[in-house]
Amino acid sequence: MSSETNKTPPSLRIGAVIVGVVLLGVLIVGITARAQNARTLKSWTEQQAAISVSVINATEITGGKPLELPGRFEAYAAAPLYARVSGYLKSWKADIGTPVKTGQLIAEIETPDLDQQLLQARAEVATAKANADLAAITAKRLQSLLDTNSVSHQEVDEKVGDYAAKQALLQSAQANLDRLVATKAFARIVAPFDGVVTSRNTDTGALINVGSGTGPALFVVSDNRRLRLYVSVPQAYLSSIKPGDTADVTVPEQPGQVFQAKVVSASQSVDAGSGTSLMQLSLNNADGKLLPGSYARVSFNLQGQASRLSIPASALIFDAKGMQVAVVDADGTVKRKAITVARDLGSALELSDGISATDQIIDNPPDGIADGTKVLIKQDAAASEKKAG
């Protein structure tokens, strides 16, 4: 009886096996799901830890694109006029903007002190001349008495020597008078060449001091019929611009009008601070439309210039290592590349070396980004987030 009771029915054993298999399957599925979730979480965490960046490609600029640079006009000749005599300004004859001819009177200086010195110098000349004349008569008379042995040779020699000394004193007094007369001529301020009075810094009755370093010039006369135009050209373009080349010039006050200028010379040196070389252009201004000191936009047509790449200024990294950009390779690793800027256009930089047209350049690179940093390009990051969701 008891042996029959201990026997388990087959149906129960089968049911137990099935339950065991089901429990094992549930356990396996649970473990697999947890492992998958762990991998997904790890991947998501890594993606969140990576920096998301936007990338751009450099824009190719074809050769022959005009090089536009700022310039500044200067008069072909400009003479600041200072006083050579002291006194008071008696009158002025030409105000700013007045055309003048060579030698034309611009102003007169009243010189009371100099006038008195001239009177004294003339009196000294008259005295010296009278003494010299008397010495000449005395020497001549004694020489005539020498033949009769009425006077000694010593007395004659003394009078001849006295005459020579008096003659030297007369020449000295005359030279002093001539100097004062020449100085008095500077009381008349005249135009050194044909031009226009561009500055007047004095007025009637003003005290005038001698010299050119104590204050502004009394007047400035400029020859505006031709103008010099000075332009600072970046070093990368020096080989493309030669004396004799022409450039188009525009000014804000003459919209739509283009003037022609010719390159006449270059400084033959590069400024260490700006990396540019100063070039001088010349242009005709017979109609007076252009003004010295004014701003101009100068456009050089650089035919045959090699193609260059342009990037936005926002992609530039500038630190102790110089100017660089951050480039992302195919596996999302950053590499910093040094670049050479040929021209700074403000919002964009024209490069002559450092990158290729296929490089993926990070725009607005994060601070401290270094070689080997792993990044996600923003569109790839968006796709990854969508897949993870």
# chains A, B, ... in the order shown; residues from 1 in each chain; ligands from 1
call {"tool": "residues_around", "arguments": {"residues": "region 198-210 of chain A", "least_positions_apart": "6", "cutoff": "8 Å", "atoms": "only C-alpha atoms", "output": "list in words"}}
result
Tyr82, Ala83, Arg84, Val85, Ser86, Gly87, Tyr88, Leu89, Lys90, Ser91, Trp92, Asp95, Ile96, Gly97, Thr98, Ile109, Pro216, Ala217, Leu218, Phe219, Val220, Val221 and Ser222 of chain A
call {"tool": "residues_around", "arguments": {"residues": "His153 (chain A)", "least_positions_apart": "6", "cutoff": "10 Å", "atoms": "only C-alpha atoms", "output": "NGL selection string"}}
result
:A and (142-143 or 146)
call {"tool": "select_by_dssp", "arguments": {"residues": "region 91-176 of chain A", "states": "helix (DSSP H, G or I)", "output": "PyMOL selection string"}}
result
chain A and resi 112-146+153-176
call {"tool": "select_by_dssp", "arguments": {"residues": "region 77-242 of chain A", "states": "strand (DSSP E or B)", "output": "ChimeraX atom specification"}}
result
/A:77-81,83,87-92,99-100,105-110,188-190,195-200,207-208,211,219-234
call {"tool": "atom_distance", "arguments": {"atom1": "CA of Ile56 (chain A)", "atom2": "CA of Ile361 (chain A)"}}
result
5.2 Å
call {"tool": "residues_around", "arguments": {"residues": "Ser294 (chain A)", "least_positions_apart": "5", "cutoff": "8 Å", "atoms": "only C-alpha atoms", "output": "PDB file with N, CA, C and O atoms, in the first residue's frame"}}
result
ATOM      1  N   ARG A  72      44.539 105.516 -47.569  1.00  0.00           N
ATOM      2  CA  ARG A  72      44.409 106.885 -47.086  1.00  0.00           C
ATOM      3  C   ARG A  72      45.112 107.828 -48.053  1.00  0.00           C
ATOM      4  O   ARG A  72      46.248 107.590 -48.453  1.00  0.00           O
ATOM      5  N   PHE A  73      44.387 108.897 -48.456  1.00  0.00           N
ATOM      6  CA  PHE A  73      44.949 109.883 -49.374  1.00  0.00           C
ATOM      7  C   PHE A  73      45.848 110.862 -48.625  1.00  0.00           C
ATOM      8  O   PHE A  73      45.587 111.224 -47.479  1.00  0.00           O
ATOM      9  N   GLU A  74      46.898 111.298 -49.315  1.00  0.00           N
ATOM     10  CA  GLU A  74      47.723 112.397 -48.842  1.00  0.00           C
ATOM     11  C   GLU A  74      48.033 113.290 -50.029  1.00  0.00           C
ATOM     12  O   GLU A  74      48.114 112.830 -51.174  1.00  0.00           O
TER      13      GLU A  74
END
call {"tool": "atom_distance", "arguments": {"atom1": "CA of Ala296 (chain A)", "atom2": "CA of Arg308 (chain A)"}}
result
25.7 Å
call {"tool": "residues_around", "arguments": {"residues": "region 156-170 of chain A", "least_positions_apart": "6", "cutoff": "9 Å", "atoms": "only C-alpha atoms", "output": "VMD selection string"}}
result
chain A and resid 124 to 140 142 to 143 146
call {"tool": "write_last_selection", "arguments": {"atoms": "N, CA and C atoms", "output": "PDB file, in the first residue's frame"}}
result
ATOM      1  N   GLU A 124      75.792 150.835 -37.556  1.00  0.00           N
ATOM      2  CA  GLU A 124      77.112 150.235 -37.393  1.00  0.00           C
ATOM      3  C   GLU A 124      77.835 150.134 -38.729  1.00  0.00           C
ATOM      4  N   VAL A 125      77.119 149.851 -39.786  1.00  0.00           N
ATOM      5  CA  VAL A 125      77.727 149.810 -41.114  1.00  0.00           C
ATOM      6  C   VAL A 125      78.233 151.192 -41.515  1.00  0.00           C
ATOM      7  N   ALA A 126      77.410 152.231 -41.235  1.00  0.00           N
ATOM      8  CA  ALA A 126      77.832 153.594 -41.575  1.00  0.00           C
ATOM      9  C   ALA A 126      79.080 153.991 -40.805  1.00  0.00           C
ATOM     10  N   THR A 127      79.128 153.659 -39.512  1.00  0.00           N
ATOM     11  CA  THR A 127      80.310 153.969 -38.697  1.00  0.00           C
ATOM     12  C   THR A 127      81.531 153.226 -39.220  1.00  0.00           C
ATOM     13  N   ALA A 128      81.371 151.931 -39.498  1.00  0.00           N
ATOM     14  CA  ALA A 128      82.495 151.150 -39.993  1.00  0.00           C
ATOM     15  C   ALA A 128      82.979 151.658 -41.342  1.00  0.00           C
ATOM     16  N   LYS A 129      82.054 152.108 -42.173  1.00  0.00           N
ATOM     17  CA  LYS A 129      82.444 152.624 -43.490  1.00  0.00           C
ATOM     18  C   LYS A 129      83.229 153.931 -43.337  1.00  0.00           C
ATOM     19  N   ALA A 130      82.765 154.805 -42.413  1.00  0.00           N
ATOM     20  CA  ALA A 130      83.477 156.073 -42.203  1.00  0.00           C
ATOM     21  C   ALA A 130      84.881 155.824 -41.681  1.00  0.00           C
ATOM     22  N   ASN A 131      85.028 154.891 -40.735  1.00  0.00           N
ATOM     23  CA  ASN A 131      86.345 154.566 -40.193  1.00  0.00           C
ATOM     24  C   ASN A 131      87.238 153.958 -41.261  1.00  0.00           C
ATOM     25  N   ALA A 132      86.643 153.106 -42.099  1.00  0.00           N
ATOM     26  CA  ALA A 132      87.443 152.491 -43.162  1.00  0.00           C
ATOM     27  C   ALA A 132      87.887 153.528 -44.184  1.00  0.00           C
ATOM     28  N   ASP A 133      87.012 154.465 -44.523  1.00  0.00           N
ATOM     29  CA  ASP A 133      87.373 155.523 -45.485  1.00  0.00           C
ATOM     30  C   ASP A 133      88.495 156.390 -44.933  1.00  0.00           C
ATOM     31  N   LEU A 134      88.390 156.766 -43.636  1.00  0.00           N
ATOM     32  CA  LEU A 134      89.434 157.568 -43.021  1.00  0.00           C
ATOM     33  C   LEU A 134      90.749 156.819 -42.983  1.00  0.00           C
ATOM     34  N   ALA A 135      90.679 155.529 -42.645  1.00  0.00           N
ATOM     35  CA  ALA A 135      91.906 154.741 -42.610  1.00  0.00           C
ATOM     36  C   ALA A 135      92.513 154.621 -44.002  1.00  0.00           C
ATOM     37  N   ALA A 136      91.685 154.550 -45.023  1.00  0.00           N
ATOM     38  CA  ALA A 136      92.191 154.461 -46.394  1.00  0.00           C
ATOM     39  C   ALA A 136      92.894 155.759 -46.798  1.00  0.00           C
ATOM     40  N   ILE A 137      92.316 156.913 -46.454  1.00  0.00           N
ATOM     41  CA  ILE A 137      92.918 158.194 -46.806  1.00  0.00           C
ATOM     42  C   ILE A 137      94.253 158.370 -46.087  1.00  0.00           C
ATOM     43  N   THR A 138      94.249 158.017 -44.785  1.00  0.00           N
ATOM     44  CA  THR A 138      95.484 158.170 -44.002  1.00  0.00           C
ATOM     45  C   THR A 138      96.587 157.285 -44.563  1.00  0.00           C
ATOM     46  N   ALA A 139      96.267 156.028 -44.857  1.00  0.00           N
ATOM     47  CA  ALA A 139      97.273 155.113 -45.388  1.00  0.00           C
ATOM     48  C   ALA A 139      97.802 155.600 -46.734  1.00  0.00           C
ATOM     49  N   LYS A 140      96.931 156.118 -47.575  1.00  0.00           N
ATOM     50  CA  LYS A 140      97.346 156.601 -48.890  1.00  0.00           C
ATOM     51  C   LYS A 140      98.253 157.826 -48.753  1.00  0.00           C
ATOM     52  N   LEU A 142     100.211 158.690 -46.186  1.00  0.00           N
ATOM     53  CA  LEU A 142     101.529 158.334 -45.671  1.00  0.00           C
ATOM     54  C   LEU A 142     102.374 157.632 -46.721  1.00  0.00           C
ATOM     55  N   GLN A 143     101.720 156.828 -47.571  1.00  0.00           N
ATOM     56  CA  GLN A 143     102.471 156.154 -48.626  1.00  0.00           C
ATOM     57  C   GLN A 143     103.073 157.167 -49.605  1.00  0.00           C
ATOM     58  N   LEU A 146     106.201 158.650 -48.147  1.00  0.00           N
ATOM     59  CA  LEU A 146     107.311 157.718 -47.938  1.00  0.00           C
ATOM     60  C   LEU A 146     108.449 157.989 -48.901  1.00  0.00           C
TER      61      LEU A 146
END
call {"tool": "residues_around", "arguments": {"residues": "Leu180 (chain A)", "least_positions_apart": "6", "cutoff": "8 Å", "atoms": "only C-alpha atoms", "output": "PyMOL selection string"}}
result
chain A and resi 114+117-118
call {"tool": "write_last_selection", "arguments": {"atoms": "C-alpha atoms", "output": "mmCIF file, in the first residue's frame"}}
result
data_model
loop_
_atom_site.group_PDB
_atom_site.id
_atom_site.type_symbol
_atom_site.label_atom_id
_atom_site.label_comp_id
_atom_site.auth_asym_id
_atom_site.auth_seq_id
_atom_site.Cartn_x
_atom_site.Cartn_y
_atom_site.Cartn_z
ATOM 1 C CA LEU A 114 63.852 143.206 -35.595
ATOM 2 C CA GLN A 117 68.055 145.725 -34.821
ATOM 3 C CA LEU A 118 68.071 146.727 -38.480
#
call {"tool": "atom_distance", "arguments": {"atom1": "CA of Pro112 (chain A)", "atom2": "CA of Val100 (chain A)"}}
result
28.0 Å
call {"tool": "residues_around", "arguments": {"residues": "region 369-371 of chain A", "least_positions_apart": "6", "cutoff": "10 Å", "atoms": "only C-alpha atoms", "output": "ChimeraX atom specification"}}
result
/A:51,317,326-328,333-337
call {"tool": "residues_around", "arguments": {"residues": "Ile362 (chain A)", "least_positions_apart": "3", "cutoff": "6 Å", "atoms": "only C-alpha atoms", "output": "number ranges by chain"}}
result
A: 54-55, 326, 365
call {"tool": "write_last_selection", "arguments": {"atoms": "N, CA, C and O atoms", "output": "short mmCIF file (atom, residue, chain, number, x, y, z; two decimals), in the first residue's frame"}}
result
data_model
loop_
_atom_site.label_atom_id
_atom_site.label_comp_id
_atom_site.auth_asym_id
_atom_site.auth_seq_id
_atom_site.Cartn_x
_atom_site.Cartn_y
_atom_site.Cartn_z
N SER A 54 29.33 71.09 -34.40
CA SER A 54 28.90 71.33 -35.78
C SER A 54 30.14 71.44 -36.64
O SER A 54 31.15 72.05 -36.24
N VAL A 55 30.08 70.86 -37.81
CA VAL A 55 31.24 70.89 -38.71
C VAL A 55 30.87 71.58 -40.01
O VAL A 55 29.71 71.62 -40.42
N ALA A 326 40.19 73.08 -35.62
CA ALA A 326 39.99 71.70 -35.15
C ALA A 326 39.27 70.92 -36.24
O ALA A 326 38.18 71.30 -36.67
N PRO A 365 34.46 75.98 -32.00
CA PRO A 365 35.02 74.88 -31.20
C PRO A 365 34.96 75.19 -29.71
O PRO A 365 35.18 76.34 -29.30
#
call {"tool": "closest_residue", "arguments": {"among": "A:Gly71, A:Gly244, A:Pro292, A:Gly368", "to": "Val263 (chain A)", "atoms": "only C-alpha atoms"}}
result
A:Gly244
